[in-house]
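Take a look at the structure below.
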Amino acid sequence: MGFKKSVEMQTTMAELNKPNAIGVRHLQALLMFLGIVFGYFLRVNMSAAIVPMTQPTAGAPYYDWDPSTKSLILSSFFWGYVVAQLPSGLLAKRFGAKIVLAIATGIAAIITIFHPLAVNNGDWQLLCTLRVFVGLTQGVVYPCLHTLLAKWAPRTERGFLTTSVYSGAQFGTAIILATSGVIFDSEALGWPGIFYISGGIALAWSVLFLYFGADTPAASKSISIAEREYIESLTGSGTNSQVLAVPWKSLFTSLPFYGLIAAHCGFTWGFYTLLTEMPTYMSSVLHLDVKANALLSALPYFVMWVLCLIVSPTSDWLINRNILNITVARKLFNTIGQWVPMLCLIGVAYMTEEEKTLAIALLTIGVGFNAASFCGYLVNHMDLSPNFAGPMMGVTNGFSNLMSICAPLVVGAIVENEEDPNEWRIVFFITAGVYLLCNSLFLIFGKATVQPWNDQTVTSSTRSLQKKSDEELDNTPTSSAWTIDSKVA
């Protein structure tokens with residue numbers, strides 16, 4: 001109990017010295033938010049463009065690709081994305097997440113600008129090749145951001161800052177889908193314009209981040225001493241975690257880590273099934289035109305972004321008010337984020353063109369409530385191990401994005417007639433089943449306390465004390481559950 005008391009005292013002192021004004025940590029979070037916004041421009045542009053690319057329109061070429069070919073194109077991004085996960089987490093620890101993320105985004109942006117030229121000269125095969133390379137470079141995003149957030153986000157602000165940064169995925173998706181209809185209808189740009197615009201913006205961000213970004217508070221040239229000490233006391237970012245070897249054996253013998261993998265896989269299967277296939281579903285089954293399709297495809301992701309900004313402070317409030325401990329909060333919000341969409345997809349499975357309004361409403365609610373998962377599995381890496389959050393994200397994101405490869409291919413195998421709602425029903429049922437299974441595993445095995453292998457330099461006696469404290473925390477109010485995280489400092 002003495003260890004626990006000292007940890008609580010350390011957190012209380014840090015909170016008393018908390019800087020009041022918006023600080024450098026918020027500016028870093030904004031840069032990271034914009035990075036993931038523009039990264040999703042590069043990721044989602046193909047999901048939007050695949051519709052006009054395969055329909056005859058004035059002023060732009062089109063291609064007579066069958067559904068299986070379109071599924072290959074949409075899944076090819078994830079072939080490279082999966083391969084990059086583990087190496088990118090290790091590269092972020094070795095060279096710094098800032099430079100890895102900035103350079104990779106710049107390369108992806110340049111490749112994206114050449115997409116129209118590639119498809120005009122090499123058809124879908126060359127386009128797939130470029131998408132693999134975009135996926136390879138974009139695979140660094142989540143491991144690098146997790147590495148940065150583990151150093152920049154004090155645990156008492158972790159839910160809000162982390163969710164605010166990662167909500168850029170939904171904001172970026174909503175913006176690129178909403179504006180795509182206008183771009184596609186433009187005589188000057190047509191569908192190639194979405195690749196030129198998204199590539200150019202992402203390239204500009206990479207230069208900006210190289211100049212203004214920082215790996216840690218200590219590496220920032222503009223941070224105050226008070227803010228730096230506040231962040232370091234609540235993250236452990238003042239210690240040199242880069243010298244610690246990743247405890248792979250401990251990771252892969254940890255049941256909470258396997259629960260985290262399951263939760264991540266469930267979210268990714270559902271999210272990317274809808275992300276890659278919703279424009280096609282709305283066009284082929286609900287028979288919406290390009291502009292209406294673009295706006296309505298964007299609507300669920302705009303709702304998800306708004307909900308991200310609501311659920312994250314709600315989660316922090318429930319924890320900091322001692323209403324829920326961290327483990328219960330993570331499981332509750334992850335369940336909301338996966339089982340509400342599960343129920344919505346079951347409903348959508350029975351919708352027809354005549355019920356398009358209800359179908360769109362259910363899709364919007366389902367995708368929107370995915371936001372709650374961001375206060376569940378997405379911050380759980382930092383709960384379990386702030387020192388190895390980046391490599392852990394690489395592993396879980398790698399496993400989960402095998403789902404990203406499989407999901408469009410499964411859709412392509414099932415949906416032979418894109419206008420048949422019965423075939424889409426099977427797709428929605430499979431996705432609902434994945435949500436059910438994966439979140440159940442997280443409920444059974446998940447935890448949100450720092451694991452003993454986070455700090456390999458502690459003594460065996462301290463490990464025993466940490467383990468005892470963690471066991472106590474699962475049955476105590478949330479203030480203690482928050483404060484135990486400071487043992488990594």
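Labels for the structure tokens follow display order: chains A, B, ..., residues from 1 in each chain, ligands from 1.
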Handout entry: Residue neighbourhood segment 399-401 of chain A, 12 Å, only C-alpha atoms, exclusion window fewer than 6 positions, as a PyMOL selection string
Key = chain A and resi 75-86+135+139+142+258+260-273+377+392-393+407-408+434+438
Problem - Long-range neighbours of Val182 of chain A as a PyMOL selection string, 10 Å cut-off, only C-alpha atoms, 3 positions minimum in chain - result: chain A and resi 177-179+185-186+189-191+194+290-291+294-295
Residue neighbourhood segment 172-176 of chain A, 6 Å, only C-alpha atoms, exclusion window fewer than 4 positions, as a short mmCIF file (atom, residue, chain, number, x, y, z; two decimals) with C-alpha atoms, in the first residue's frame:
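This went into around-v4.cif:
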```cif
data_model
loop_
_atom_site.label_atom_id
_atom_site.label_comp_id
_atom_site.auth_asym_id
_atom_site.auth_seq_id
_atom_site.Cartn_x
_atom_site.Cartn_y
_atom_site.Cartn_z
CA VAL A 37 -7.07 13.70 -41.36
CA TYR A 40 -7.28 9.30 -44.37
CA PHE A 41 -7.58 11.45 -47.47
CA GLY A 168 -9.21 12.86 -37.38
CA SER A 180 -15.75 14.01 -53.66
CA ALA A 298 -19.84 11.06 -45.54
CA TYR A 301 -18.29 9.59 -40.44
CA PHE A 302 -19.18 13.17 -39.61
#
```
With 8 Å as the cut-off and only C-alpha atoms counted, what is the closest atom pair between each nearby residue of segment 152-223 of chain A and segment 309-317 of chain A? Distances in Å to one decimal, ordered by chain and number, as a tab-separated table.
```
residue	atom	partner	partner_atom	distance
A:Thr156	CA	A:Asp316	CA	7.5
A:Glu157	CA	A:Asp316	CA	7.4
A:Gly159	CA	A:Ser312	CA	5.4
A:Phe160	CA	A:Ser312	CA	4.9
A:Thr163	CA	A:Ser312	CA	6.1
A:Ser164	CA	A:Leu309	CA	6.4
A:Ser167	CA	A:Leu309	CA	7.7
```
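Using only C-alpha atoms for every distance, the candidate list A:Ile197, A:Val379, A:Thr364, A:Trp152 yields A:Trp152 as the residue closest to Ile223 of chain A.
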Problem - Contacts of Thr276 of chain A within 8 Å, only C-alpha atoms, excl. fewer than 6 positions in-chain, as number ranges by chain - result: A: 44, 47, 74, 408
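For segment 349-363 of chain A, the residues within 7 Å (counting only C-alpha atoms, excluding itself and residues fewer than 2 positions away along the chain) are Val285, Leu286, Pro300, Cys344, Leu345, Ile346, Gly347, Ile365, Gly366, Val367, Pro421, Trp424, Arg425 and Phe428 of chain A.
Atom CA of Cys375 of chain A to atom CA of Thr431 of chain A spans 21.1 Å [interatomic distance, one decimal].
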Practice task
Excluding Gly412 of chain A and any residue of its chain fewer than 3 positions from it, enumerate the residues within 12 Å of it, using only C-alpha atoms, and give them as a list in words.
Solution key: Asp66, Pro67, Ser68, Thr69, Lys70, Ser71, Leu72, Ile73, Leu74, Ser75, Thr273, Thr276, Glu277, Thr280, Ile405, Cys406, Ala407, Pro408, Leu409, Val415, Glu416, Asn417, Glu418, Glu423, Trp424, Ile426 and Val427 of chain A
Write the residues of the selection above to a file with N, CA and C atoms, as a short mmCIF file (atom, residue, chain, number, x, y, z; two decimals), in the first residue's frame.
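part-v4.cif, written as the output of this step:
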```
data_model
loop_
_atom_site.label_atom_id
_atom_site.label_comp_id
_atom_site.auth_asym_id
_atom_site.auth_seq_id
_atom_site.Cartn_x
_atom_site.Cartn_y
_atom_site.Cartn_z
N ASP A 66 -15.05 -5.64 -63.12
CA ASP A 66 -16.10 -6.42 -62.46
C ASP A 66 -15.96 -6.27 -60.94
N PRO A 67 -16.97 -6.72 -60.16
CA PRO A 67 -16.94 -6.53 -58.70
C PRO A 67 -15.71 -7.14 -58.03
N SER A 68 -15.22 -8.29 -58.51
CA SER A 68 -14.05 -8.91 -57.88
C SER A 68 -12.79 -8.08 -58.10
N THR A 69 -12.69 -7.46 -59.30
CA THR A 69 -11.54 -6.59 -59.56
C THR A 69 -11.59 -5.35 -58.67
N LYS A 70 -12.77 -4.77 -58.51
CA LYS A 70 -12.90 -3.60 -57.63
C LYS A 70 -12.56 -3.97 -56.18
N SER A 71 -12.94 -5.17 -55.77
CA SER A 71 -12.60 -5.61 -54.41
C SER A 71 -11.09 -5.76 -54.24
N LEU A 72 -10.42 -6.24 -55.28
CA LEU A 72 -8.95 -6.36 -55.23
C LEU A 72 -8.31 -4.98 -55.10
N ILE A 73 -8.82 -4.03 -55.88
CA ILE A 73 -8.27 -2.67 -55.82
C ILE A 73 -8.46 -2.07 -54.43
N LEU A 74 -9.65 -2.25 -53.87
CA LEU A 74 -9.94 -1.67 -52.55
C LEU A 74 -9.16 -2.35 -51.44
N SER A 75 -8.86 -3.64 -51.59
CA SER A 75 -8.13 -4.35 -50.54
C SER A 75 -6.62 -4.20 -50.67
N THR A 273 -15.16 -2.66 -43.60
CA THR A 273 -16.18 -3.21 -44.48
C THR A 273 -17.12 -2.10 -44.94
N THR A 276 -15.13 0.79 -47.14
CA THR A 276 -14.79 0.47 -48.53
C THR A 276 -16.01 0.14 -49.37
N GLU A 277 -17.09 -0.34 -48.74
CA GLU A 277 -18.22 -0.84 -49.52
C GLU A 277 -19.47 0.04 -49.46
N THR A 280 -20.51 1.86 -52.72
CA THR A 280 -21.05 0.92 -53.70
C THR A 280 -22.45 0.47 -53.32
N ILE A 405 -7.85 -6.63 -45.21
CA ILE A 405 -7.61 -7.31 -46.48
C ILE A 405 -8.76 -8.26 -46.78
N CYS A 406 -9.16 -9.01 -45.77
CA CYS A 406 -10.17 -10.05 -45.97
C CYS A 406 -11.55 -9.47 -46.25
N ALA A 407 -11.91 -8.37 -45.56
CA ALA A 407 -13.28 -7.87 -45.64
C ALA A 407 -13.71 -7.54 -47.08
N PRO A 408 -12.96 -6.72 -47.85
CA PRO A 408 -13.39 -6.46 -49.23
C PRO A 408 -13.39 -7.72 -50.10
N LEU A 409 -12.45 -8.64 -49.83
CA LEU A 409 -12.40 -9.87 -50.61
C LEU A 409 -13.61 -10.75 -50.31
N VAL A 415 -20.89 -10.93 -52.99
CA VAL A 415 -21.74 -10.04 -53.80
C VAL A 415 -21.35 -10.15 -55.27
N GLU A 416 -22.05 -11.01 -55.98
CA GLU A 416 -21.82 -11.14 -57.42
C GLU A 416 -22.69 -10.16 -58.19
N ASN A 417 -23.88 -9.91 -57.68
CA ASN A 417 -24.78 -8.91 -58.25
C ASN A 417 -24.91 -7.78 -57.26
N GLU A 418 -24.28 -6.65 -57.53
CA GLU A 418 -24.22 -5.55 -56.57
C GLU A 418 -25.58 -4.93 -56.28
N GLU A 423 -27.73 -10.56 -51.15
CA GLU A 423 -26.30 -10.82 -51.04
C GLU A 423 -25.64 -9.87 -50.05
N TRP A 424 -26.08 -8.61 -50.04
CA TRP A 424 -25.56 -7.65 -49.06
C TRP A 424 -25.97 -8.03 -47.64
N ILE A 426 -26.03 -10.97 -46.35
CA ILE A 426 -25.03 -11.91 -45.84
C ILE A 426 -23.81 -11.15 -45.33
N VAL A 427 -23.40 -10.13 -46.08
CA VAL A 427 -22.25 -9.31 -45.68
C VAL A 427 -22.50 -8.66 -44.32
#
```
Problem - segment 112-128 of chain A surroundings by only C-alpha atoms, 7 Å radius, close-in-sequence under 5 positions cut, as a PyMOL selection string - result: chain A and resi 42+73+76+192+195-196+199
With N, CA, C and O atoms retained, could you export that selection as an mmCIF file, in the first residue's frame?
```cif
data_model
loop_
_atom_site.group_PDB
_atom_site.id
_atom_site.type_symbol
_atom_site.label_atom_id
_atom_site.label_comp_id
_atom_site.auth_asym_id
_atom_site.auth_seq_id
_atom_site.Cartn_x
_atom_site.Cartn_y
_atom_site.Cartn_z
ATOM 1 N N LEU A 42 -5.687 10.074 -48.119
ATOM 2 C CA LEU A 42 -4.946 9.153 -48.982
ATOM 3 C C LEU A 42 -5.532 7.748 -48.943
ATOM 4 O O LEU A 42 -5.412 6.993 -49.902
ATOM 5 N N ILE A 73 -8.821 -4.027 -55.877
ATOM 6 C CA ILE A 73 -8.269 -2.666 -55.817
ATOM 7 C C ILE A 73 -8.459 -2.074 -54.427
ATOM 8 O O ILE A 73 -7.538 -1.479 -53.860
ATOM 9 N N SER A 76 -6.124 -3.806 -51.851
ATOM 10 C CA SER A 76 -4.669 -3.787 -52.093
ATOM 11 C C SER A 76 -3.942 -2.819 -51.161
ATOM 12 O O SER A 76 -2.781 -3.054 -50.800
ATOM 13 N N PRO A 192 -9.907 12.086 -61.388
ATOM 14 C CA PRO A 192 -8.475 12.214 -61.060
ATOM 15 C C PRO A 192 -8.184 13.319 -60.042
ATOM 16 O O PRO A 192 -7.185 13.261 -59.316
ATOM 17 N N PHE A 195 -7.288 12.541 -56.332
ATOM 18 C CA PHE A 195 -5.929 12.072 -56.044
ATOM 19 C C PHE A 195 -4.927 13.237 -56.039
ATOM 20 O O PHE A 195 -4.014 13.270 -55.209
ATOM 21 N N TYR A 196 -5.111 14.192 -56.950
ATOM 22 C CA TYR A 196 -4.217 15.354 -56.962
ATOM 23 C C TYR A 196 -4.378 16.187 -55.684
ATOM 24 O O TYR A 196 -3.392 16.614 -55.072
ATOM 25 N N GLY A 199 -3.301 14.184 -52.403
ATOM 26 C CA GLY A 199 -1.844 14.031 -52.387
ATOM 27 C C GLY A 199 -1.125 15.336 -52.088
ATOM 28 O O GLY A 199 -0.178 15.376 -51.291
#
```
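Atom to atom, atom CA of Leu101 of chain A and atom CA of Phe171 of chain A stand 19.3 Å apart.
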Practice task
Give me every alpha helix (DSSP H) residue in segment 234-468 of chain A, going by DSSP on the backbone, as a PyMOL selection string.
Solution key: chain A and resi 234-235+248-251+255-284+290-320+326-348+356-369+380-384+389-414+421-445+460-468
Handout entry: A:Ile107, A:Ala226, A:Leu324, A:Leu234 ranked by distance to Arg158 of chain A, top pick (using only C-alpha atoms)
Key =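 Between A:Ile107, A:Ala226, A:Leu324, A:Leu234, the residue approaching Arg158 of chain A most closely is A:Leu234.
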Handout entry: Closest of A:Ala371, A:Val165, A:Val306, A:Cys144 to Phe95 of chain A - atom-to-atom distances counting only C-alpha atoms
Key =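 Closest candidate: A:Cys144.
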Problem - For Val450 of chain A, the nearest of the candidates A:Ser198, A:Asn380, A:Ser88, A:Asn422, counting only C-alpha atoms - result: A:Asn380
